[in-house]
Amino acid sequence: MKLEEKRIALLIDADNAPAAKVDVVLAEVARHGVANVRRAYGDWKSPHLQQWEAALHPYAIRPMQQFAYSTGKNASDMAMVIDAMDLLRAGSVDAFALVSSDADFTPLVMRILADGLKVYGFGQRKTPEPFVNACSLFTYVEGLGQTTTSLETASEGTDPNKLRGDTRLVLLVRNAVEAASTEDGWAHLAAVGSQIGNQASLDPRNYGYRKLSDLIDAIGLFELKREDQRVLVRDKRTLVRSVIT
């Protein structure tokens, strides 16, 4: 029996998202479910949104007009939050995909997560960390649509020294490996990925790698081995401890 696809509300902050990436964002959302709600928020009389206007019809995205009632205030953000809360209360969706580089949506993400729904975030690399870290999974749009080769060479984060110096990344992977490991220290990569997903957002493409196994291998602090169709991971410190004892 085929499982029902997850219903996802795709809400786009057009003022803070690049229209040129809408196709790859939709393709990424499709990996998680079907975007049965597609809305883009902004003042559509603004010349700034002309590129977005051209993308609305081909991708069946509904423009949500929001006039700027006062200078310096983003009424579009408020409209997007109100719609998100209405959808959450109605129970008509199973997850949200928020496209923005604005950290003001962080409280909204936390509220959605409190109801047990996942939030997939998409934004540019300038997106503040609170918003990135709050999402169930956050993906930088610059890494979407690239080939495997370009992914592995485009980002400064691919430097193993930089990866090992990223304390948050190393602790996140180590804690996940430890939680998923058996007595010999080995853990199934799939279980490690699930543990990471339960703790924080981690998309390997944000670091310039296509797969989680590639990212973990590049860090250089973990062993990887393949058995049949499975990939196993172990913290190298486990081997050192076993030799000492």
# chains A, B, ... in the order shown; residues from 1 in each chain; ligands from 1
>>> residues_around(residues="Leu232 (chain A)", least_positions_apart="5", cutoff="6 Å", atoms="only C-alpha atoms", output="CSV table (one decimal) with N, CA, C and O atoms, in the first residue's frame")
chain,number,residue,atom,x,y,z
A,187,ALA,N,28.1,2.6,14.1
A,187,ALA,CA,26.7,3.1,14.0
A,187,ALA,C,26.3,3.1,12.5
A,187,ALA,O,27.1,3.4,11.6
A,188,HIS,N,25.1,2.7,12.2
A,188,HIS,CA,24.6,2.8,10.8
A,188,HIS,C,24.5,4.3,10.4
A,188,HIS,O,23.9,5.1,11.2
A,189,LEU,N,24.9,4.6,9.3
A,189,LEU,CA,24.8,6.0,8.8
A,189,LEU,C,23.4,6.5,8.8
A,189,LEU,O,23.1,7.6,9.1
A,224,LEU,N,34.8,5.2,8.3
A,224,LEU,CA,33.6,4.8,7.6
A,224,LEU,C,33.9,3.4,6.9
A,224,LEU,O,35.1,3.3,6.4
A,225,LYS,N,33.0,2.5,6.9
A,225,LYS,CA,33.2,1.3,6.2
A,225,LYS,C,31.8,0.8,5.6
A,225,LYS,O,30.8,1.2,6.1
>>> residues_around(residues="Lys21 (chain A)", least_positions_apart="6", cutoff="9 Å", atoms="only C-alpha atoms", output="PDB file with C-alpha atoms, in the first residue's frame")
ATOM      1  CA  VAL A 141      19.864  28.016  -2.096  1.00  0.00           C
ATOM      2  CA  GLU A 142      23.324  28.694  -3.546  1.00  0.00           C
ATOM      3  CA  LEU A 144      20.901  23.814  -4.978  1.00  0.00           C
ATOM      4  CA  GLY A 145      21.032  22.856  -8.622  1.00  0.00           C
TER       5      GLY A 145
END
>>> select_by_dssp(residues="region 12-238 of chain A", states="strand (DSSP E or B)", output="ChimeraX atom specification")
/A:12-13,34-42,62-65,95-99,118-123,137-140,187-188,222-227,230-235
>>> residues_around(residues="Met64 (chain A)", least_positions_apart="2", cutoff="9 Å", atoms="only C-alpha atoms", output="PyMOL selection string")
chain A and resi 39-44+62+66+76+79-80
>>> atom_distance(atom1="CA of Glu5 (chain A)", atom2="CA of Pro63 (chain A)")
24.6 Å
>>> residues_around(residues="region 100-105 of chain A", least_positions_apart="2", cutoff="6 Å", atoms="only C-alpha atoms", output="PyMOL selection string")
chain A and resi 13+16-17+107-108+123-124+127-128+131
>>> select_by_dssp(residues="region 11-233 of chain A", states="alpha helix (DSSP H)", output="PyMOL selection string")
chain A and resi 22-32+50-56+75-90+106-114+129-134+148-154+160-164+167-180+189-199+212-219
>>> atom_distance(atom1="CA of Gln50 (chain A)", atom2="CA of Ile12 (chain A)")
14.8 Å
>>> residues_around(residues="Val173 (chain A)", least_positions_apart="3", cutoff="12 Å", atoms="only C-alpha atoms", output="NGL selection string")
:A and (163-164 or 166-170 or 176-181 or 187 or 189 or 191-202 or 204 or 212-213 or 215-217 or 219-222 or 233-235)
>>> atom_distance(atom1="CA of Val93 (chain A)", atom2="CA of Ala30 (chain A)")
14.2 Å
>>> closest_residue(among="A:Ala218, A:Asp203, A:Ala114, A:Gly185", to="Pro160 (chain A)", atoms="only C-alpha atoms")
A:Ala218
>>> closest_residue(among="A:Leu171, A:Val37, A:Val25, A:Leu88", to="Phe138 (chain A)", atoms="only C-alpha atoms")
A:Val25
>>> closest_residue(among="A:Asn133, A:Ala84, A:Glu4, A:Glu183", to="Arg38 (chain A)", atoms="only C-alpha atoms")
A:Ala84
>>> closest_residue(among="A:Ser92, A:Gln229, A:Thr106, A:Gln65", to="Leu49 (chain A)", atoms="only C-alpha atoms")
A:Gln65
>>> closest_residue(among="A:Trp186, A:Arg31, A:Ser136, A:Val119", to="Glu227 (chain A)", atoms="only C-alpha atoms")
A:Trp186
